[in-house]
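Undergrad: Below is the file query10.cif, with mmCIF, C-alpha atoms.
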data_final
loop_
_atom_site.label_atom_id
_atom_site.label_comp_id
_atom_site.auth_asym_id
_atom_site.auth_seq_id
_atom_site.Cartn_x
_atom_site.Cartn_y
_atom_site.Cartn_z
CA MET W 10 -12.21 12.09 -2.43
CA HIS W 11 -10.60 13.48 -5.60
CA PRO W 12 -12.23 12.24 -8.88
CA ILE W 13 -8.93 10.74 -10.06
CA GLU W 14 -8.58 8.85 -6.75
CA MET W 15 -12.16 7.62 -7.09
CA PHE W 16 -11.45 6.43 -10.63
CA LEU W 17 -8.27 4.62 -9.60
CA GLU W 18 -10.05 2.98 -6.66
CA TRP W 19 -12.81 1.83 -9.04
CA ILE W 20 -10.18 0.40 -11.39
CA HIS W 21 -8.25 -1.28 -8.56
CA ALA W 22 -11.39 -3.13 -7.46
CA SER W 23 -11.24 -5.46 -10.48
CA ARG W 24 -8.31 -6.67 -12.59
CA SER W 25 -10.58 -7.52 -15.52
CA ARG W 26 -12.02 -4.00 -15.33
CA ALA W 27 -8.52 -2.54 -15.51
CA VAL W 28 -7.71 -4.66 -18.59
CA VAL W 29 -10.90 -3.55 -20.34
CA VAL W 30 -10.26 0.12 -19.58
CA ALA W 31 -6.61 -0.06 -20.73
CA VAL W 32 -7.49 -1.78 -24.01
CA ALA W 33 -10.40 0.60 -24.58
CA LEU W 34 -8.08 3.58 -24.09
CA VAL W 35 -5.63 2.18 -26.62
CA ALA W 36 -8.40 1.52 -29.15
CA THR W 37 -10.02 4.92 -28.64
CA THR W 38 -6.71 6.74 -28.98
CA GLY W 39 -5.83 4.77 -32.10
CA LEU W 40 -9.20 5.54 -33.68
CA ALA W 41 -8.88 9.26 -32.88
CA ASP W 42 -5.33 9.24 -34.25
CA TYR W 43 -6.53 7.63 -37.50
CA VAL W 44 -9.53 9.93 -37.95
CA THR W 45 -7.55 13.14 -37.41
CA GLY W 46 -4.53 11.99 -39.41
CA TYR W 47 -1.58 14.36 -39.01
CA ALA W 48 -3.75 17.30 -38.02
CA LEU W 49 -3.50 16.46 -34.32
CA ALA W 50 -0.88 14.62 -32.27
CA PHE W 51 -2.02 11.92 -29.82
CA SER W 52 1.36 10.74 -28.52
CA LEU W 53 0.59 11.60 -24.91
CA PHE W 54 -2.69 9.69 -24.94
CA TYR W 55 -0.90 6.44 -25.83
CA LEU W 56 0.97 6.77 -22.55
CA LEU W 57 -2.18 6.78 -20.42
CA PRO W 58 -3.21 3.11 -20.83
CA VAL W 59 0.42 2.05 -20.32
CA LEU W 60 0.64 4.00 -17.07
CA LEU W 61 -2.74 2.66 -15.95
CA ALA W 62 -1.91 -0.99 -16.68
CA THR W 63 1.53 -0.72 -15.07
CA HIS W 64 0.19 0.94 -11.93
CA VAL W 65 -2.82 -1.32 -11.42
CA LEU W 66 -1.80 -4.65 -12.96
CA GLY W 67 1.97 -4.67 -12.66
CA LYS W 68 5.04 -5.10 -14.83
CA ARG W 69 3.91 -7.81 -17.24
CA ALA W 70 0.58 -6.16 -18.02
CA GLY W 71 2.28 -2.80 -18.48
CA LEU W 72 4.71 -4.24 -21.01
CA MET W 73 1.92 -5.99 -22.92
CA VAL W 74 -0.19 -2.83 -23.11
CA ALA W 75 2.92 -0.90 -24.19
CA ALA W 76 3.40 -3.34 -27.08
CA LEU W 77 -0.29 -3.09 -28.00
CA ALA W 78 -0.22 0.71 -27.87
CA ALA W 79 2.93 0.89 -30.02
CA GLY W 80 1.32 -1.41 -32.60
CA VAL W 81 -1.95 0.54 -32.71
CA TRP W 82 -0.03 3.81 -32.85
CA THR W 83 1.93 2.62 -35.89
CA LEU W 84 -1.12 1.11 -37.63
CA ALA W 85 -3.09 4.33 -37.13
CA GLN W 86 -0.31 6.27 -38.83
CA LEU W 87 0.01 3.74 -41.65
CA ALA W 88 -3.75 3.76 -42.22
CA THR W 89 -3.68 7.47 -42.97
CA GLY W 90 -2.01 6.59 -46.27
CA PHE W 91 0.91 8.96 -45.80
CA PRO W 92 2.92 8.46 -49.04
CA ASP W 93 6.36 8.71 -47.51
CA PHE W 94 5.91 5.55 -45.45
CA ASN W 95 7.81 2.38 -46.33
CA GLY W 96 8.39 -0.93 -44.60
CA LEU W 97 11.78 -0.08 -43.08
CA ARG W 98 10.69 3.32 -41.85
CA SER W 99 7.50 1.87 -40.38
CA ALA W 100 9.49 -0.81 -38.52
CA TRP W 101 11.86 1.84 -37.19
CA ASN W 102 9.00 4.01 -35.98
CA LEU W 103 7.35 1.01 -34.34
CA LEU W 104 10.53 0.22 -32.43
CA MET W 105 10.97 3.84 -31.35
CA ARG W 106 7.39 4.08 -30.13
CA LEU W 107 7.66 0.77 -28.32
CA GLY W 108 10.90 1.91 -26.73
CA ILE W 109 9.34 5.12 -25.46
CA LEU W 110 6.32 3.34 -23.98
CA LEU W 111 8.47 0.63 -22.38
CA LEU W 112 10.76 3.27 -20.90
CA VAL W 113 7.77 5.07 -19.39
CA ALA W 114 6.48 1.79 -17.90
CA TYR W 115 9.92 1.01 -16.45
CA LEU W 116 10.29 4.49 -14.94
CA LEU W 117 6.84 4.25 -13.34
CA LEU W 118 7.70 0.88 -11.81
CA ALA W 119 10.99 2.24 -10.48
CA LEU W 120 9.24 5.29 -9.02
CA GLU W 121 6.53 3.20 -7.35
CA THR W 122 9.18 0.87 -5.90
CA GLU W 123 11.05 3.83 -4.42
CA MET W 124 7.83 5.31 -3.03
CA LYS W 125 6.84 1.98 -1.50
CA ASP W 126 10.26 1.54 0.11
CA ALA W 127 9.89 5.01 1.63
CA ARG W 128 6.47 4.22 3.13
CA TYR W 129 6.53 0.52 4.00
CA ASP W 130 8.62 -1.76 6.16
CA TYR W 131 10.65 -4.19 4.05
CA LEU W 132 10.20 -7.22 6.34
CA THR W 133 6.51 -7.02 7.23
CA ASP W 134 5.15 -4.95 4.33
CA LEU W 135 3.25 -2.81 6.84
CA SER W 136 3.43 0.97 6.90
CA ASN W 137 6.63 2.23 8.48
CA ARG W 138 6.83 4.81 11.26
CA ARG W 139 7.08 7.78 8.91
CA GLN W 140 4.02 6.74 6.92
CA PHE W 141 2.08 6.01 10.11
CA MET W 142 2.82 9.49 11.45
CA ARG W 143 1.57 11.06 8.20
CA VAL W 144 -1.65 9.06 8.28
CA LEU W 145 -2.16 9.79 11.98
CA ASP W 146 -1.78 13.52 11.37
CA ALA W 147 -4.37 13.34 8.57
CA GLU W 148 -6.73 11.40 10.86
CA ARG W 149 -6.37 14.01 13.62
CA ASN W 150 -7.41 16.73 11.18
CA ARG W 151 -10.31 14.65 9.89
CA SER W 152 -11.44 13.93 13.44
CA ALA W 153 -11.40 17.66 14.18
CA ARG W 154 -13.75 18.24 11.24
CA THR W 155 -16.14 15.35 11.92
CA GLY W 156 -15.99 15.18 15.71
CA ASN W 157 -15.52 11.39 15.55
CA PRO W 158 -12.99 9.74 17.87
CA TYR W 159 -10.08 7.60 16.75
CA SER W 160 -7.98 5.08 18.64
CA ILE W 161 -4.46 3.69 18.52
CA LEU W 162 -3.18 0.29 19.55
CA TYR W 163 0.50 0.05 20.47
CA LEU W 164 1.98 -3.46 20.54
CA ASP W 165 5.23 -4.95 21.75
CA ILE W 166 6.47 -8.56 21.67
CA ASN W 167 7.39 -9.74 25.17
CA HIS W 168 10.74 -11.54 25.55
CA PHE W 169 11.59 -10.89 21.91
CA LYS W 170 15.33 -10.72 22.67
CA THR W 171 15.11 -14.10 24.41
CA LEU W 172 13.52 -15.59 21.31
CA ASN W 173 16.31 -14.20 19.12
CA ASP W 174 19.01 -15.39 21.50
CA THR W 175 17.65 -18.93 21.90
CA LEU W 176 16.13 -19.74 18.49
CA GLY W 177 17.97 -17.32 16.24
CA HIS W 178 17.05 -14.28 14.20
CA ALA W 179 15.06 -16.36 11.71
CA ALA W 180 12.58 -17.14 14.48
CA GLY W 181 12.56 -13.48 15.47
CA ASP W 182 11.77 -12.44 11.90
CA GLU W 183 9.01 -15.03 11.74
CA ALA W 184 7.51 -13.65 14.96
CA LEU W 185 7.48 -10.16 13.46
CA ARG W 186 5.79 -11.46 10.32
CA ILE W 187 3.20 -13.32 12.42
CA VAL W 188 2.27 -10.11 14.21
CA ALA W 189 2.18 -8.20 10.92
CA THR W 190 0.03 -10.82 9.19
CA THR W 191 -2.39 -10.94 12.11
CA LEU W 192 -2.72 -7.17 12.20
CA HIS W 193 -3.29 -7.05 8.46
CA THR W 194 -5.83 -9.88 8.54
CA LEU W 195 -7.84 -8.55 11.47
CA SER W 196 -7.72 -4.91 10.43
CA ARG W 197 -10.69 -3.27 8.82
CA ARG W 198 -10.21 -1.62 5.46
CA MET W 199 -9.92 1.83 7.05
CA ASP W 200 -7.39 0.74 9.72
CA VAL W 201 -3.66 1.37 9.31
CA PRO W 202 -1.30 -1.19 10.89
CA ALA W 203 2.37 -0.24 11.03
CA ARG W 204 5.73 -1.46 12.27
CA MET W 205 7.14 1.35 14.36
CA GLY W 206 10.59 -0.16 14.72
CA GLY W 207 12.17 -3.23 16.28
CA ASP W 208 9.42 -5.39 17.76
CA GLU W 209 6.96 -2.51 18.24
CA PHE W 210 3.80 -2.13 16.15
CA ALA W 211 0.87 0.26 16.06
CA VAL W 212 -2.60 0.26 14.54
CA LEU W 213 -4.58 3.40 13.78
CA LEU W 214 -8.32 2.80 14.19
CA PRO W 215 -10.36 5.64 12.64
CA ASP W 216 -13.91 6.28 13.88
CA THR W 217 -13.29 3.97 16.87
CA ASP W 218 -14.13 4.75 20.47
CA ALA W 219 -12.50 3.23 23.57
CA THR W 220 -15.01 0.36 23.87
CA GLU W 221 -14.59 -0.72 20.25
CA CYS W 222 -10.82 -0.32 20.58
CA ARG W 223 -10.70 -2.72 23.53
CA VAL W 224 -12.73 -5.34 21.64
CA ILE W 225 -10.36 -5.14 18.68
CA ALA W 226 -7.31 -5.31 20.97
CA GLU W 227 -8.61 -8.46 22.68
CA ARG W 228 -9.26 -10.09 19.33
CA ILE W 229 -5.73 -9.32 18.14
CA ASP W 230 -4.21 -10.46 21.44
CA ARG W 231 -5.95 -13.85 21.25
CA ALA W 232 -4.96 -14.41 17.63
CA ILE W 233 -1.27 -13.58 18.12
CA ALA W 234 -1.03 -15.53 21.38
CA GLY W 235 -2.52 -18.54 19.63
CA GLU W 236 0.09 -18.40 16.87
CA PHE W 237 2.93 -18.15 19.40
CA GLU W 238 1.53 -21.03 21.46
CA LYS W 239 1.37 -23.26 18.38
CA ARG W 240 5.12 -22.84 18.00
CA GLN W 241 5.73 -23.17 21.75
CA TRP W 242 7.67 -19.95 21.78
CA PRO W 243 8.43 -18.21 25.13
CA VAL W 244 6.98 -14.91 23.90
CA GLY W 245 3.75 -12.99 24.21
CA ILE W 246 2.26 -9.66 23.25
CA SER W 247 1.48 -6.51 25.22
CA ILE W 248 -1.02 -3.99 23.86
CA GLY W 249 -1.51 -0.39 24.91
CA MET W 250 -4.54 1.66 23.86
CA VAL W 251 -5.43 5.31 23.57
CA THR W 252 -8.51 7.08 22.22
CA ALA W 253 -8.53 10.73 21.14
CA CYS W 254 -10.61 13.22 19.22
CA GLY W 255 -9.53 16.16 17.13
CA ILE W 256 -6.20 17.97 17.37
CA GLU W 257 -6.18 18.92 21.04
CA GLU W 258 -3.33 16.50 21.68
CA THR W 259 -0.14 16.42 19.63
CA ILE W 260 0.94 13.30 17.78
CA GLU W 261 3.84 12.91 20.20
CA ASP W 262 1.50 13.08 23.21
CA ILE W 263 -0.87 10.52 21.71
CA LEU W 264 1.89 8.05 20.94
CA HIS W 265 3.49 8.64 24.35
CA THR W 266 0.18 7.76 26.04
CA ALA W 267 -0.22 4.66 23.88
CA ASP W 268 3.35 3.60 24.62
CA LYS W 269 2.84 4.23 28.34
CA THR W 270 -0.30 2.07 28.49
CA MET W 271 1.54 -0.65 26.58
CA TYR W 272 4.33 -0.74 29.18
CA GLN W 273 1.75 -0.77 31.94
CA ALA W 274 0.24 -3.86 30.33
CA LYS W 275 3.72 -5.37 30.00
CA ARG W 276 4.48 -4.83 33.68
CA GLY W 277 1.13 -6.33 34.65
CA GLU W 278 1.85 -9.45 32.61
CA ALA W 279 5.34 -9.68 34.12
CA ARG W 280 3.87 -9.64 37.64
CA GLN W 281 1.43 -12.39 36.68
CA GLU W 282 4.28 -14.53 35.34
CA SER W 283 6.37 -14.02 38.48
CA GLY W 284 3.37 -14.70 40.68
#
Once you've parsed the file, please lay out its structure as structure tokens.
TA:
Amino acid sequence: MHPIEMFLEWIHASRSRAVVVAVALVATTGLADYVTGYALAFSLFYLLPVLLATHVLGKRAGLMVAALAAGVWTLAQLATGFPDFNGLRSAWNLLMRLGILLLVAYLLLALETEMKDARYDYLTDLSNRRQFMRVLDAERNRSARTGNPYSILYLDINHFKTLNDTLGHAAGDEALRIVATTLHTLSRRMDVPARMGGDEFAVLLPDTDATECRVIAERIDRAIAGEFEKRQWPVGISIGMVTACGIEETIEDILHTADKTMYQAKRGEARQESG
């Protein structure tokens, strides 16, 4: 893992840690700015804690750190004793610095929102099909290097159209969110659940062989079926499974196999219902 990614993961693990690091960066930059006076410029370094707080802690924290950084920035310059400073000019500079830092925080938030919309499904907040394909491709390459297998679950809601037609689209959306929440809750940290489109979902299971995959699938099946039964909905879930290793099979072949086994499970359940 890249050192920057390791650092961000360490920061993400604790909100209080992120606050401490952001404030420490502001204080350290302000001190360095004061000590060096006008010999060196530290403008860029004031941006770092703002970007960090905005990325890790969100909008409100980013704005607060921006205000703190702008204040420290101005105080550091005032403390140098530069003779041409006066109250009005100092206030103007403070506003300009605050404006720059706030603009940076806003642009970062807008960028992250756009990136999230491009990678995640708006209704379920799971990875979308495009993101899943990227992660799957990376896992295939990793599997080729390590020799460890990986598995994929492919899920489909049975009688989903009937649910929409009889109880309305609100019930259909709730069913999709139930599946998504269950997948997210039961997934391990390394797993990647995704909504592939419509009422179809997939879960990438790294370092998982066929036996482990089946155990996970049964656990997910029971949990989702239980939620549907609570609501007395005429729907169920079908799950297909595939296990692969390395890059011998293409992504399309892997997903086709997973989809095929899912429809085999669906047909088997349909025969049981008719019988």
Undergrad: Neighbours of stretch 60-72 of chain W within 10 Å (only C-alpha atoms; same-chain residues fewer than 6 positions away dropped), as a list in words?
TA: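 So, after excluding close chain neighbours, the residues are Leu17, Glu18, Ile20, His21, Ala22, Ser23, Arg24, Ser25, Ala27, Val28, Val30, Ala31, Val32, Leu34, Ala78, Leu107, Leu110, Leu111, Leu112, Val113, Ala114, Tyr115, Leu116, Leu117, Leu118 and Glu121 of chain W.
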Undergrad: Name the residues that the PyMOL selection byres ((chain W and resi 210) around 10) picks from the file above, as a PDB file with C-alpha atoms, in the frame of the given file, using the file's chain letters and numbers.
TA:
ATOM      1  CA  LEU W 135       3.250  -2.810   6.840  1.00  0.00           C
ATOM      2  CA  SER W 136       3.430   0.970   6.900  1.00  0.00           C
ATOM      3  CA  ASN W 137       6.630   2.230   8.480  1.00  0.00           C
ATOM      4  CA  ARG W 138       6.830   4.810  11.260  1.00  0.00           C
ATOM      5  CA  LEU W 162      -3.180   0.290  19.550  1.00  0.00           C
ATOM      6  CA  TYR W 163       0.500   0.050  20.470  1.00  0.00           C
ATOM      7  CA  LEU W 164       1.980  -3.460  20.540  1.00  0.00           C
ATOM      8  CA  ASP W 165       5.230  -4.950  21.750  1.00  0.00           C
ATOM      9  CA  ILE W 166       6.470  -8.560  21.670  1.00  0.00           C
ATOM     10  CA  LEU W 185       7.480 -10.160  13.460  1.00  0.00           C
ATOM     11  CA  VAL W 188       2.270 -10.110  14.210  1.00  0.00           C
ATOM     12  CA  ALA W 189       2.180  -8.200  10.920  1.00  0.00           C
ATOM     13  CA  LEU W 192      -2.720  -7.170  12.200  1.00  0.00           C
ATOM     14  CA  PRO W 202      -1.300  -1.190  10.890  1.00  0.00           C
ATOM     15  CA  ALA W 203       2.370  -0.240  11.030  1.00  0.00           C
ATOM     16  CA  ARG W 204       5.730  -1.460  12.270  1.00  0.00           C
ATOM     17  CA  MET W 205       7.140   1.350  14.360  1.00  0.00           C
ATOM     18  CA  GLY W 206      10.590  -0.160  14.720  1.00  0.00           C
ATOM     19  CA  GLY W 207      12.170  -3.230  16.280  1.00  0.00           C
ATOM     20  CA  ASP W 208       9.420  -5.390  17.760  1.00  0.00           C
ATOM     21  CA  GLU W 209       6.960  -2.510  18.240  1.00  0.00           C
ATOM     22  CA  ALA W 211       0.870   0.260  16.060  1.00  0.00           C
ATOM     23  CA  VAL W 212      -2.600   0.260  14.540  1.00  0.00           C
ATOM     24  CA  ILE W 248      -1.020  -3.990  23.860  1.00  0.00           C
TER      25      ILE W 248
END
Undergrad: Report the residues retrieved by the PyMOL selection byres ((chain W and resi 197) around 12) from the displayed file, expressed as a list in words.
TA: Thr191, Leu192, His193, Thr194, Leu195, Ser196, Arg198, Met199, Asp200, Val201, Pro202, Val212, Leu213, Leu214, Pro215, Asp216, Thr217 and Ile225 of chain W
Undergrad: Okay, now the selection with C-alpha atoms, as a compact mmCIF listing (two decimals), in the frame of the given file?
TA:
# COMPACT_ATOMS: atom_id res chain seq x y z
CA THR W 191 -2.39 -10.94 12.11
CA LEU W 192 -2.72 -7.17 12.20
CA HIS W 193 -3.29 -7.05 8.46
CA THR W 194 -5.83 -9.88 8.54
CA LEU W 195 -7.84 -8.55 11.47
CA SER W 196 -7.72 -4.91 10.43
CA ARG W 198 -10.21 -1.62 5.46
CA MET W 199 -9.92 1.83 7.05
CA ASP W 200 -7.39 0.74 9.72
CA VAL W 201 -3.66 1.37 9.31
CA PRO W 202 -1.30 -1.19 10.89
CA VAL W 212 -2.60 0.26 14.54
CA LEU W 213 -4.58 3.40 13.78
CA LEU W 214 -8.32 2.80 14.19
CA PRO W 215 -10.36 5.64 12.64
CA ASP W 216 -13.91 6.28 13.88
CA THR W 217 -13.29 3.97 16.87
CA ILE W 225 -10.36 -5.14 18.68
Undergrad: Pick out the closest residue to W:Leu104 from this set: W:Ala75, W:Thr45, W:Tyr131, W:Pro58. Count only C-alpha atoms.
TA: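 For W:Leu104, the nearest of the given residues is W:Ala75.
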Undergrad: Residues at most 9 Å from stretch 154-161 of chain W, counting all atoms listed in the file, excluding those fewer than 2 positions away in the same chain, as a PDB file with C-alpha atoms, in the coordinates of the input?
TA:
ATOM      1  CA  GLU W 148      -6.730  11.400  10.860  1.00  0.00           C
ATOM      2  CA  ARG W 149      -6.370  14.010  13.620  1.00  0.00           C
ATOM      3  CA  ASN W 150      -7.410  16.730  11.180  1.00  0.00           C
ATOM      4  CA  ARG W 151     -10.310  14.650   9.890  1.00  0.00           C
ATOM      5  CA  SER W 152     -11.440  13.930  13.440  1.00  0.00           C
ATOM      6  CA  TYR W 163       0.500   0.050  20.470  1.00  0.00           C
ATOM      7  CA  ALA W 211       0.870   0.260  16.060  1.00  0.00           C
ATOM      8  CA  VAL W 212      -2.600   0.260  14.540  1.00  0.00           C
ATOM      9  CA  LEU W 213      -4.580   3.400  13.780  1.00  0.00           C
ATOM     10  CA  LEU W 214      -8.320   2.800  14.190  1.00  0.00           C
ATOM     11  CA  PRO W 215     -10.360   5.640  12.640  1.00  0.00           C
ATOM     12  CA  ASP W 216     -13.910   6.280  13.880  1.00  0.00           C
ATOM     13  CA  THR W 217     -13.290   3.970  16.870  1.00  0.00           C
ATOM     14  CA  ASP W 218     -14.130   4.750  20.470  1.00  0.00           C
ATOM     15  CA  ALA W 219     -12.500   3.230  23.570  1.00  0.00           C
ATOM     16  CA  GLU W 221     -14.590  -0.720  20.250  1.00  0.00           C
ATOM     17  CA  CYS W 222     -10.820  -0.320  20.580  1.00  0.00           C
ATOM     18  CA  GLY W 249      -1.510  -0.390  24.910  1.00  0.00           C
ATOM     19  CA  MET W 250      -4.540   1.660  23.860  1.00  0.00           C
ATOM     20  CA  VAL W 251      -5.430   5.310  23.570  1.00  0.00           C
ATOM     21  CA  THR W 252      -8.510   7.080  22.220  1.00  0.00           C
ATOM     22  CA  ALA W 253      -8.530  10.730  21.140  1.00  0.00           C
ATOM     23  CA  CYS W 254     -10.610  13.220  19.220  1.00  0.00           C
ATOM     24  CA  GLY W 255      -9.530  16.160  17.130  1.00  0.00           C
ATOM     25  CA  ILE W 263      -0.870  10.520  21.710  1.00  0.00           C
ATOM     26  CA  LEU W 264       1.890   8.050  20.940  1.00  0.00           C
ATOM     27  CA  ALA W 267      -0.220   4.660  23.880  1.00  0.00           C
TER      28      ALA W 267
END
Undergrad: Calculated over only C-alpha atoms, which of the candidates W:Val224, W:Leu40, W:Ala85, W:Ala184 has the smallest distance to W:Pro243?
TA: W:Ala184
Undergrad: One decimal, in Å: what's the spacing between atom CA of W:Val74 and atom CA of W:Leu97?
TA: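 So the two atoms, atom CA of W:Val74 and atom CA of W:Leu97, lie 23.4 Å apart.
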Undergrad: Would you compute the distance between atom CA of W:Met73 and atom CA of W:Met124? Give it in Å to one decimal.
TA: 23.6 Å
Undergrad: Mind working out the centre and edge lengths of an axis-aligned box for stretch 214-224 of chain W, all listed atoms inside, 5 Å added to each side, rounded to one decimal in Å and written as AutoDock Vina command-line options?
TA:
--center_x -11.7 --center_y 0.5 --center_z 18.3 --size_x 16.7 --size_y 21.6 --size_z 21.2
Undergrad: Do you know which residues are at most 12 Å from W:Arg240 counting all atoms listed in the file, after dropping those on the same chain fewer than 2 positions away, and could you put them as a PyMOL selection string?
TA: chain W and resi 172+176+180+183-184+187+233-238+242-245
Undergrad: Please compute the atom CA of W:His178-atom CA of W:Asp130 distance, one decimal, in Å.
TA: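 Between atom CA of W:His178 and atom CA of W:Asp130 the gap works out to 17.1 Å.
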Undergrad: Looking at W:Ala88, W:Val144, W:Ile260, W:Ala79, which one is nearest to W:Ala100, with distances taken over all atoms listed in the file?
TA: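 Ranked by minimum distance to W:Ala100, first place goes to W:Ala79.
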Undergrad: Let me make sure I understand: among W:Thr83, W:Thr171, W:Thr220, W:Thr270, which one has the smallest atom-to-atom distance to W:Leu103 if we use all atoms listed in the file?
TA: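 Closest residue, counting all atoms listed in the file: W:Thr83.
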Undergrad: Which is closer to W:Ile109 than all the others in W:Thr89, W:Asn167, W:Ser52, W:Thr175, using all atoms listed in the file?
TA: W:Ser52
Undergrad: Would you please take stretch 164-183 of chain W of the structure in the block above and write C-alpha atoms to a file as a compact mmCIF listing (two decimals), in the first residue's frame?
TA:
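The resulting out_23.txt:
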# COMPACT_ATOMS: atom_id res chain seq x y z
CA LEU W 164 -27.97 -12.15 -6.40
CA ASP W 165 -31.39 -11.51 -7.85
CA ILE W 166 -34.70 -10.72 -6.12
CA ASN W 167 -37.37 -13.24 -7.14
CA HIS W 168 -40.78 -11.81 -8.14
CA PHE W 169 -39.47 -8.26 -7.83
CA LYS W 170 -41.81 -7.02 -10.58
CA THR W 171 -44.76 -8.54 -8.72
CA LEU W 172 -43.77 -6.65 -5.59
CA ASN W 173 -43.59 -3.38 -7.53
CA ASP W 174 -46.92 -4.01 -9.26
CA THR W 175 -48.82 -4.98 -6.11
CA LEU W 176 -47.28 -2.80 -3.38
CA GLY W 177 -45.77 0.02 -5.41
CA HIS W 178 -42.29 1.23 -6.20
CA ALA W 179 -41.72 2.41 -2.62
CA ALA W 180 -41.85 -1.22 -1.50
CA GLY W 181 -39.54 -2.17 -4.37
CA ASP W 182 -37.03 0.47 -3.31
CA GLU W 183 -37.23 -0.74 0.27
